[in-house]
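With CSV, C-alpha atoms and all ligand atoms inside, this is final_34.csv:
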```csv
chain,number,residue,atom,x,y,z
O,1,MET,CA,-100.8,5.5,95.7
O,2,GLN,CA,-98.1,7.9,94.9
O,3,LYS,CA,-94.7,7.7,96.4
O,4,ASP,CA,-92.1,10.3,97.6
O,5,VAL,CA,-88.6,10.6,96.2
O,6,ASN,CA,-87.4,7.9,98.4
O,7,GLY,CA,-90.1,5.5,97.3
O,8,LYS,CA,-92.1,5.9,100.5
O,9,SER,CA,-95.9,5.8,100.2
O,10,LEU,CA,-97.6,9.1,100.6
O,11,SER,CA,-100.9,7.6,101.8
O,12,GLY,CA,-100.2,9.0,105.3
O,13,ILE,CA,-100.8,12.5,104.0
O,14,LYS,CA,-104.3,11.7,102.8
O,15,ASN,CA,-105.8,12.3,106.3
O,16,LYS,CA,-103.9,15.5,107.1
O,17,LYS,CA,-106.0,18.5,107.8
O,18,LEU,CA,-103.7,21.2,109.2
O,19,PHE,CA,-100.9,22.2,106.7
O,20,LEU,CA,-98.2,24.4,108.2
O,21,PHE,CA,-96.3,26.0,105.3
O,22,ASP,CA,-93.0,27.7,105.1
O,23,MET,CA,-93.0,30.3,102.3
O,24,ASP,CA,-89.7,31.1,100.7
O,25,GLY,CA,-88.4,28.1,98.7
O,26,THR,CA,-91.5,26.2,99.6
O,27,ILE,CA,-94.5,27.8,97.8
O,28,TYR,CA,-92.5,30.4,95.9
O,29,ILE,CA,-89.0,31.5,95.0
O,30,ASP,CA,-87.7,34.9,93.9
O,31,GLY,CA,-91.3,36.2,94.2
O,32,LYS,CA,-92.7,33.6,91.8
O,33,LEU,CA,-95.3,31.1,92.9
O,34,PHE,CA,-94.6,27.5,91.9
O,35,ASP,CA,-97.0,26.0,89.4
O,36,GLY,CA,-99.9,24.2,91.0
O,37,VAL,CA,-99.6,25.9,94.4
O,38,LYS,CA,-102.8,27.9,94.0
O,39,ASP,CA,-104.7,24.7,93.1
O,40,LEU,CA,-103.3,23.0,96.2
O,41,PHE,CA,-104.5,25.7,98.6
O,42,GLU,CA,-108.0,25.6,97.0
O,43,LYS,CA,-108.0,21.8,97.4
O,44,ILE,CA,-107.0,22.0,101.1
O,45,ALA,CA,-109.8,24.5,101.8
O,46,ALA,CA,-112.4,22.5,99.7
O,47,THR,CA,-111.7,19.3,101.7
O,48,GLY,CA,-112.2,21.0,105.1
O,49,GLY,CA,-108.5,21.5,105.8
O,50,LYS,CA,-106.6,24.6,107.0
O,51,TYR,CA,-103.4,26.1,105.7
O,52,VAL,CA,-101.3,28.4,107.8
O,53,PHE,CA,-98.1,30.2,106.9
O,54,ILE,CA,-95.5,30.0,109.7
O,55,THR,CA,-92.6,32.4,109.8
O,56,ASN,CA,-90.0,33.4,112.3
O,57,ASN,CA,-90.0,36.8,110.7
O,58,SER,CA,-92.4,39.0,112.7
O,59,SER,CA,-91.5,42.3,111.1
O,60,LYS,CA,-93.9,44.5,109.1
O,61,SER,CA,-93.3,42.4,106.0
O,62,LEU,CA,-96.3,40.3,107.1
O,63,GLU,CA,-98.7,42.8,105.4
O,64,GLU,CA,-96.5,42.7,102.3
O,65,ARG,CA,-96.6,38.9,102.2
O,66,VAL,CA,-100.4,38.9,102.6
O,67,ALA,CA,-100.7,41.4,99.7
O,68,TYR,CA,-98.3,39.3,97.6
O,69,LEU,CA,-100.3,36.1,98.2
O,70,ASN,CA,-103.6,37.9,97.4
O,71,GLY,CA,-101.9,39.2,94.2
O,72,THR,CA,-101.2,35.7,93.1
O,73,GLY,CA,-104.9,34.7,93.6
O,74,ILE,CA,-104.4,32.9,96.9
O,75,ALA,CA,-107.0,33.8,99.5
O,76,ALA,CA,-105.0,34.7,102.6
O,77,THR,CA,-105.4,37.1,105.4
O,78,SER,CA,-103.1,38.0,108.3
O,79,GLY,CA,-105.1,35.4,110.3
O,80,ASP,CA,-103.7,32.6,108.1
O,81,PHE,CA,-100.2,33.4,109.4
O,82,MET,CA,-98.4,32.3,112.6
O,83,THR,CA,-95.4,34.5,113.3
O,84,SER,CA,-93.0,34.0,116.2
O,85,THR,CA,-94.5,37.2,117.8
O,86,MET,CA,-98.0,35.8,117.6
O,87,ALA,CA,-96.9,32.5,119.1
O,88,ALA,CA,-95.0,34.3,121.9
O,89,ALA,CA,-98.1,36.3,122.7
O,90,GLU,CA,-100.3,33.1,122.9
O,91,ILE,CA,-97.7,31.4,125.1
O,92,LEU,CA,-97.2,34.3,127.4
O,93,ARG,CA,-100.9,34.8,127.8
O,94,ASP,CA,-101.4,31.1,128.6
O,95,LYS,CA,-98.6,31.0,131.1
O,96,PHE,CA,-98.7,34.4,132.8
O,97,GLY,CA,-102.3,35.7,132.3
O,98,LYS,CA,-102.4,39.3,133.6
O,99,GLY,CA,-98.9,39.1,135.1
O,100,LYS,CA,-96.6,41.9,134.0
O,101,ILE,CA,-94.1,41.2,131.3
O,102,TYR,CA,-91.0,43.2,130.5
O,103,VAL,CA,-90.7,43.5,126.7
O,104,GLN,CA,-87.9,44.8,124.5
O,105,ALA,CA,-89.1,45.1,120.9
O,106,THR,CA,-90.2,47.4,118.2
O,107,LYS,CA,-93.1,49.8,118.7
O,108,SER,CA,-95.3,47.8,116.2
O,109,CYS,CA,-94.4,44.5,118.0
O,110,VAL,CA,-95.3,45.9,121.4
O,111,LYS,CA,-98.6,47.1,120.0
O,112,GLU,CA,-99.3,43.7,118.5
O,113,LEU,CA,-98.6,42.0,121.9
O,114,ILE,CA,-100.9,44.5,123.7
O,115,GLY,CA,-103.6,43.4,121.2
O,116,TYR,CA,-103.4,40.0,122.8
O,117,GLY,CA,-104.3,41.5,126.2
O,118,LEU,CA,-100.8,41.1,127.7
O,119,ASN,CA,-99.8,43.4,130.6
O,120,LEU,CA,-96.5,44.8,129.3
O,121,THR,CA,-93.9,47.2,130.5
O,122,GLU,CA,-90.9,48.5,128.6
O,123,GLU,CA,-89.5,50.1,131.8
O,124,TYR,CA,-87.1,48.6,134.4
O,125,ASP,CA,-89.4,46.7,136.8
O,126,GLU,CA,-88.3,43.9,139.1
O,127,SER,CA,-91.9,42.8,139.7
O,128,VAL,CA,-92.4,41.2,136.3
O,129,SER,CA,-93.4,37.6,135.7
O,130,ALA,CA,-91.3,37.1,132.5
O,131,ILE,CA,-89.0,38.8,130.0
O,132,LEU,CA,-89.5,38.9,126.2
O,133,VAL,CA,-87.0,40.1,123.7
O,134,GLY,CA,-88.0,40.5,120.0
O,135,TYR,CA,-86.2,41.3,116.8
O,136,ASP,CA,-85.7,44.9,117.6
O,137,THR,CA,-84.8,47.1,114.6
O,138,GLU,CA,-85.3,50.2,116.9
O,139,LEU,CA,-82.6,48.9,119.4
O,140,THR,CA,-80.6,51.6,121.3
O,141,TYR,CA,-77.8,51.2,123.8
O,142,GLU,CA,-80.2,52.4,126.5
O,143,LYS,CA,-82.6,49.6,125.6
O,144,MET,CA,-79.8,47.1,125.6
O,145,LYS,CA,-78.6,48.3,129.1
O,146,ARG,CA,-82.1,48.1,130.5
O,147,THR,CA,-82.7,44.6,129.2
O,148,CYS,CA,-79.3,43.5,130.7
O,149,LYS,CA,-80.3,45.1,134.0
O,150,MET,CA,-83.6,43.2,134.0
O,151,LEU,CA,-81.8,39.9,133.2
O,152,THR,CA,-79.2,40.5,135.9
O,153,ASN,CA,-81.5,41.5,138.7
O,154,THR,CA,-84.4,39.2,138.2
O,155,ASN,CA,-84.7,35.4,137.8
O,156,VAL,CA,-87.9,35.1,135.8
O,157,PRO,CA,-88.5,33.1,132.6
O,158,TYR,CA,-86.7,34.7,129.7
O,159,TYR,CA,-88.1,34.3,126.1
O,160,ALA,CA,-87.1,35.6,122.7
O,161,THR,CA,-89.1,35.6,119.5
O,162,ASN,CA,-86.7,33.9,117.1
O,163,PRO,CA,-83.2,32.4,117.1
O,164,ASP,CA,-82.1,33.6,113.7
O,165,TRP,CA,-78.6,35.1,113.7
O,166,VAL,CA,-79.0,37.4,110.8
O,167,CYS,CA,-81.7,39.1,108.7
O,168,PRO,CA,-81.1,39.5,104.9
O,169,VAL,CA,-80.8,43.2,103.9
O,170,ASP,CA,-79.9,44.9,100.6
O,171,PHE,CA,-76.2,44.8,101.2
O,172,GLY,CA,-76.0,41.3,102.8
O,173,TYR,CA,-77.0,40.6,106.4
O,174,ALA,CA,-77.7,42.6,109.6
O,175,PRO,CA,-78.1,41.1,113.2
O,176,ASP,CA,-81.4,39.4,113.9
O,177,CYS,CA,-82.9,38.5,117.3
O,178,GLY,CA,-80.5,35.5,117.9
O,179,SER,CA,-77.4,37.8,117.6
O,180,MET,CA,-79.0,40.4,119.9
O,181,CYS,CA,-79.7,37.7,122.5
O,182,PHE,CA,-76.1,36.4,122.1
O,183,THR,CA,-74.9,39.9,123.1
O,184,TYR,CA,-77.0,39.7,126.3
O,185,GLU,CA,-75.7,36.2,127.0
O,186,LYS,CA,-72.1,37.5,126.9
O,187,ALA,CA,-73.1,40.4,129.3
O,188,THR,CA,-75.4,38.5,131.7
O,189,GLY,CA,-74.9,34.7,131.2
O,190,LYS,CA,-78.6,34.3,130.5
O,191,THR,CA,-80.0,32.5,127.4
O,192,PRO,CA,-83.6,32.7,126.3
O,193,THR,CA,-86.2,30.1,125.3
O,194,PHE,CA,-86.6,30.9,121.6
O,195,ILE,CA,-90.2,30.7,120.3
O,196,GLY,CA,-89.5,30.5,116.5
O,197,LYS,CA,-88.4,27.6,114.4
O,198,PRO,CA,-86.6,25.2,115.0
O,199,THR,CA,-88.2,24.8,118.4
O,200,ARG,CA,-91.7,23.2,118.7
O,201,PHE,CA,-93.6,26.2,120.0
O,202,MET,CA,-95.1,27.7,116.8
O,203,ILE,CA,-96.3,24.2,115.8
O,204,ASP,CA,-97.8,23.5,119.2
O,205,VAL,CA,-99.6,26.9,119.2
O,206,CYS,CA,-101.0,26.2,115.7
O,207,VAL,CA,-102.3,22.7,116.6
O,208,LYS,CA,-104.1,24.2,119.7
O,209,LYS,CA,-105.4,27.3,118.0
O,210,TYR,CA,-106.9,25.6,115.0
O,211,GLY,CA,-108.3,22.7,116.9
O,212,PHE,CA,-106.6,19.8,115.1
O,213,THR,CA,-104.6,16.9,116.4
O,214,LYS,CA,-100.9,16.3,115.9
O,215,GLU,CA,-101.8,13.3,113.8
O,216,GLN,CA,-103.8,15.6,111.4
O,217,THR,CA,-100.9,18.1,111.1
O,218,LEU,CA,-98.2,18.3,108.5
O,219,VAL,CA,-95.2,20.8,108.6
O,220,ILE,CA,-93.9,21.6,105.1
O,221,GLY,CA,-90.6,23.4,104.3
O,222,ASP,CA,-87.4,23.6,102.4
O,223,ARG,CA,-85.0,23.8,105.3
O,224,LEU,CA,-84.3,20.8,107.4
O,225,TYR,CA,-82.6,22.7,110.3
O,226,THR,CA,-85.5,25.1,110.8
O,227,ASP,CA,-88.8,24.0,109.2
O,228,ILE,CA,-88.5,20.3,109.4
O,229,ALA,CA,-86.7,20.4,112.8
O,230,SER,CA,-89.6,22.3,114.3
O,231,GLY,CA,-92.1,19.6,113.1
O,232,VAL,CA,-89.8,16.8,114.4
O,233,ASN,CA,-89.4,18.6,117.7
O,234,ALA,CA,-93.2,19.0,118.0
O,235,GLY,CA,-93.8,15.3,117.1
O,236,VAL,CA,-95.7,15.9,113.9
O,237,ASP,CA,-95.2,14.6,110.4
O,238,THR,CA,-93.1,16.7,108.1
O,239,LEU,CA,-92.7,17.1,104.3
O,240,PHE,CA,-89.3,18.3,103.1
O,241,VAL,CA,-89.4,19.9,99.6
O,242,LEU,CA,-86.4,20.1,97.4
O,243,SER,CA,-87.6,23.3,95.6
O,244,GLY,CA,-85.6,25.7,97.8
O,245,GLU,CA,-82.5,25.7,99.9
O,246,GLY,CA,-82.2,22.1,101.1
O,247,THR,CA,-81.0,19.0,99.3
O,248,LEU,CA,-81.3,15.3,99.8
O,249,ARG,CA,-77.6,15.3,101.0
O,250,ASP,CA,-78.7,17.5,103.9
O,251,ILE,CA,-80.7,14.7,105.4
O,252,GLU,CA,-77.4,12.8,106.0
O,253,THR,CA,-75.2,15.7,107.0
O,254,LEU,CA,-77.7,17.4,109.3
O,255,GLY,CA,-79.2,14.3,110.8
O,256,VAL,CA,-82.8,15.7,110.6
O,257,LYS,CA,-85.1,13.1,109.3
O,258,PRO,CA,-88.3,14.3,107.5
O,259,THR,CA,-91.3,12.0,107.2
O,260,PHE,CA,-91.7,12.6,103.5
O,261,VAL,CA,-89.6,14.2,100.7
O,262,LEU,CA,-91.0,15.7,97.4
O,263,ASN,CA,-89.4,17.8,94.7
O,264,CYS,CA,-92.2,20.4,94.9
O,265,VAL,CA,-95.2,20.9,97.2
O,266,SER,CA,-97.6,21.0,94.2
O,267,GLU,CA,-97.1,17.2,93.9
O,268,LEU,CA,-99.5,17.1,96.8
O,269,ASN,CA,-102.3,17.9,94.4
O,270,ASP,CA,-102.2,14.2,93.3
O,271,VAL,CA,-102.3,12.9,96.9
O,272,LEU,CA,-105.0,14.9,98.6
Y,301,MG,MG,-87.9,28.5,103.2
```
Would you mind writing the structure in this file as structure tokens?
Amino acid sequence: MQKDVNGKSLSGIKNKKLFLFDMDGTIYIDGKLFDGVKDLFEKIAATGGKYVFITNNSSKSLEERVAYLNGTGIAATSGDFMTSTMAAAEILRDKFGKGKIYVQATKSCVKELIGYGLNLTEEYDESVSAILVGYDTELTYEKMKRTCKMLTNTNVPYYATNPDWVCPVDFGYAPDCGSMCFTYEKATGKTPTFIGKPTRFMIDVCVKKYGFTKEQTLVIGDRLYTDIASGVNAGVDTLFVLSGEGTLRDIETLGVKPTFVLNCVSELNDVL
């Protein structure tokens, strides 16, 4: 049986059925799919497994990513993705049912959440069951003030889609959801429960939604502090790949311990 870069046997991967993939640096880099990745997805599907792409980014680039994967020959639909917005919707629906939820997010995000049957309001309303803040690229000072008023005058559970500080843009970086929530923390003292990586929630939602066990699940990514940490926090096995941002040294410096380490995800072709 093949071994990982640390000499650890990969036999534990043989029984995995639910593969939760990061994308950038894990299956492609600079828009180029790694060799063997297409074969890997075909193998997973042919052996009764399921692959899901998990991403904190819940913006409209989801359609672009689906189109890109289809262009490379990978059969993927938006249903093969789990975004932090999708996970937030599942969690809020489970926890609060038809209870009203105050949401501050983009129009497209609100529409997506309504599609899950959530009872939402974007207006000031003290009768809500929960508050959700998304990565809001349509943010105005009016919206910020309203959210602060909600956080100040209610004491209901407060969620946010993803903890990322910044979002890459053409000139560098712009504030993402984490930075927006930090602004609210400074104003109100309240901090949200973040749904996106590195917390466990997206992994938990995938395991439940696709009907596999945690033992059958493998989280795969190139960042220890987000991808691998989310798997560790959810109590599932993780595969750290060295094809993107992370290095072996990170394991020591960051103190996040992956179950397996490979140079590239396509090496799984020899294991499955
Ligand atoms: Mg990545």
- Task: Pick out the residues sitting within 9 Å of Asp24 in chain O, and hand them over as a PyMOL selection string; count only C-alpha atoms, and ignore anything fewer than 3 positions along from it in its own chain.
- Result: chain O and resi 27-31+221-222+244
Where does chain O meet ligand MG 301 (chain Y) within 12 Å, residue by residue, with the nearest atom pair and distance in Å to one decimal for each, counting only C-alpha atoms and all ligand atoms, listed by chain and rising number, as CSV?
```
residue,atom,partner,partner_atom,distance
O:Phe21,CA,Y:MG301,MG,9.0
O:Asp22,CA,Y:MG301,MG,5.5
O:Met23,CA,Y:MG301,MG,5.5
O:Asp24,CA,Y:MG301,MG,4.0
O:Gly25,CA,Y:MG301,MG,4.5
O:Thr26,CA,Y:MG301,MG,5.6
O:Ile27,CA,Y:MG301,MG,8.6
O:Tyr28,CA,Y:MG301,MG,8.8
O:Ile29,CA,Y:MG301,MG,8.8
O:Asp30,CA,Y:MG301,MG,11.3
O:Phe53,CA,Y:MG301,MG,11.0
O:Ile54,CA,Y:MG301,MG,10.1
O:Thr55,CA,Y:MG301,MG,9.0
O:Asn56,CA,Y:MG301,MG,10.5
O:Asn57,CA,Y:MG301,MG,11.4
O:Lys197,CA,Y:MG301,MG,11.2
O:Val219,CA,Y:MG301,MG,11.9
O:Ile220,CA,Y:MG301,MG,9.3
O:Gly221,CA,Y:MG301,MG,5.9
O:Asp222,CA,Y:MG301,MG,5.0
O:Arg223,CA,Y:MG301,MG,5.9
O:Leu224,CA,Y:MG301,MG,9.5
O:Tyr225,CA,Y:MG301,MG,10.6
O:Thr226,CA,Y:MG301,MG,8.7
O:Asp227,CA,Y:MG301,MG,7.6
O:Ile228,CA,Y:MG301,MG,10.3
O:Phe240,CA,Y:MG301,MG,10.3
O:Val241,CA,Y:MG301,MG,9.4
O:Leu242,CA,Y:MG301,MG,10.3
O:Ser243,CA,Y:MG301,MG,9.2
O:Gly244,CA,Y:MG301,MG,6.5
O:Glu245,CA,Y:MG301,MG,6.9
O:Gly246,CA,Y:MG301,MG,8.8
```
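Selecting by distance to (-75.4, 41.6, 122.4) with a limit of 12 Å and using only C-alpha atoms, one obtains Val133, Asp136, Leu139, Thr140, Tyr141, Lys143, Met144, Lys145, Thr147, Cys148, Trp165, Pro175, Asp176, Cys177, Gly178, Ser179, Met180, Cys181, Phe182, Thr183, Tyr184, Glu185, Lys186, Ala187, Thr188, Gly189, Lys190 and Thr191 of chain O.
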- Can you work out the spacing between CA of Phe81 in chain O and CA of Ala67 in chain O in Å, to one decimal?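 Answer for the CA of Phe81 in chain O to CA of Ala67 in chain O separation: 12.6 Å.
Compared by their closest atoms to Pro157 in chain O, and using all atoms listed in the file, the residues O:Ala174, O:Gly235, O:Lys209, O:Lys95 rank with O:Lys95 nearest.
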- Task: Could you give me, as JSON, numbers by chain, the residues that have an atom at most 9 Å away from the point (-89.8, 27.1, 118.1) in the coordinates of the file, using all atoms listed in the file?
- Result: {"O": [56, 84, 87, 161, 162, 163, 193, 194, 195, 196, 197, 198, 199, 200, 201, 202, 203, 204, 226, 230, 233, 234]}
- Item | Residues within 9 Å of range 106-112 of chain O, all atoms listed in the file, excluding chain neighbours under 2 positions, as a ChimeraX atom specification | /O:58-60,85-86,89,103-104,114-116,120,122,134-139
Selection from above, C-alpha atoms, as an mmCIF file, in the frame of the given file, can you write it?
```cif
data_model
loop_
_atom_site.group_PDB
_atom_site.id
_atom_site.type_symbol
_atom_site.label_atom_id
_atom_site.label_comp_id
_atom_site.auth_asym_id
_atom_site.auth_seq_id
_atom_site.Cartn_x
_atom_site.Cartn_y
_atom_site.Cartn_z
ATOM 1 C CA SER O 58 -92.400 39.000 112.700
ATOM 2 C CA SER O 59 -91.500 42.300 111.100
ATOM 3 C CA LYS O 60 -93.900 44.500 109.100
ATOM 4 C CA THR O 85 -94.500 37.200 117.800
ATOM 5 C CA MET O 86 -98.000 35.800 117.600
ATOM 6 C CA ALA O 89 -98.100 36.300 122.700
ATOM 7 C CA VAL O 103 -90.700 43.500 126.700
ATOM 8 C CA GLN O 104 -87.900 44.800 124.500
ATOM 9 C CA ILE O 114 -100.900 44.500 123.700
ATOM 10 C CA GLY O 115 -103.600 43.400 121.200
ATOM 11 C CA TYR O 116 -103.400 40.000 122.800
ATOM 12 C CA LEU O 120 -96.500 44.800 129.300
ATOM 13 C CA GLU O 122 -90.900 48.500 128.600
ATOM 14 C CA GLY O 134 -88.000 40.500 120.000
ATOM 15 C CA TYR O 135 -86.200 41.300 116.800
ATOM 16 C CA ASP O 136 -85.700 44.900 117.600
ATOM 17 C CA THR O 137 -84.800 47.100 114.600
ATOM 18 C CA GLU O 138 -85.300 50.200 116.900
ATOM 19 C CA LEU O 139 -82.600 48.900 119.400
#
```
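From CA of Thr253 in chain O back to CA of Val271 in chain O, the distance works out to 29.1 Å.
From CA of Thr247 in chain O back to CA of Tyr173 in chain O, the distance works out to 23.1 Å.
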- Message: I'd like the neighbourhood of Lys17 in chain O as a PyMOL selection string, where a residue qualifies if any of its atoms comes within 8 Å (using all atoms listed in the file), though same-chain residues fewer than 4 positions away should be ignored.
- Response: chain O and resi 44+48-50+212+216-218
Might you pull out every residue within 8 Å of Val52 in chain O, with only C-alpha atoms counted and same-chain residues fewer than 3 positions away left off, and present them as a PDB file with C-alpha atoms, in the coordinates of the input?
```pdb
ATOM      1  CA  LEU O  18    -103.700  21.200 109.200  1.00  0.00           C
ATOM      2  CA  PHE O  19    -100.900  22.200 106.700  1.00  0.00           C
ATOM      3  CA  LEU O  20     -98.200  24.400 108.200  1.00  0.00           C
ATOM      4  CA  PHE O  21     -96.300  26.000 105.300  1.00  0.00           C
ATOM      5  CA  ASP O  80    -103.700  32.600 108.100  1.00  0.00           C
ATOM      6  CA  PHE O  81    -100.200  33.400 109.400  1.00  0.00           C
ATOM      7  CA  MET O  82     -98.400  32.300 112.600  1.00  0.00           C
TER       8      MET O  82
END
```
- Nearest candidate to Phe34 in chain O (options O:Thr83, O:Ser78, O:Thr213, O:Thr72; using only C-alpha atoms): O:Thr72
- Item | Closest of O:Val236, O:Glu215, O:Ala88, O:Val261 to Lys3 in chain O - atom-to-atom distances counting only C-alpha atoms |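 Using only C-alpha atoms, the shortest distance to Lys3 in chain O belongs to O:Val261.
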- Pick from O:Leu272, O:Leu62, O:Val232, O:Leu239: nearest to Val256 in chain O, with all atoms listed in the file counted?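 Comparing O:Leu272, O:Leu62, O:Val232, O:Leu239 against Val256 in chain O, the winner is O:Val232.
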- Who sits within 7 Å of Leu40 in chain O, only C-alpha atoms, same chain under 3 positions skipped, as a PyMOL selection string: chain O and resi 36-37+43-44+266+269
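You can rank O:Cys167, O:Cys206, O:Ala160, O:Leu151 by their closest distance to Leu92 in chain O using only C-alpha atoms, and at the top of that list sits O:Ala160.
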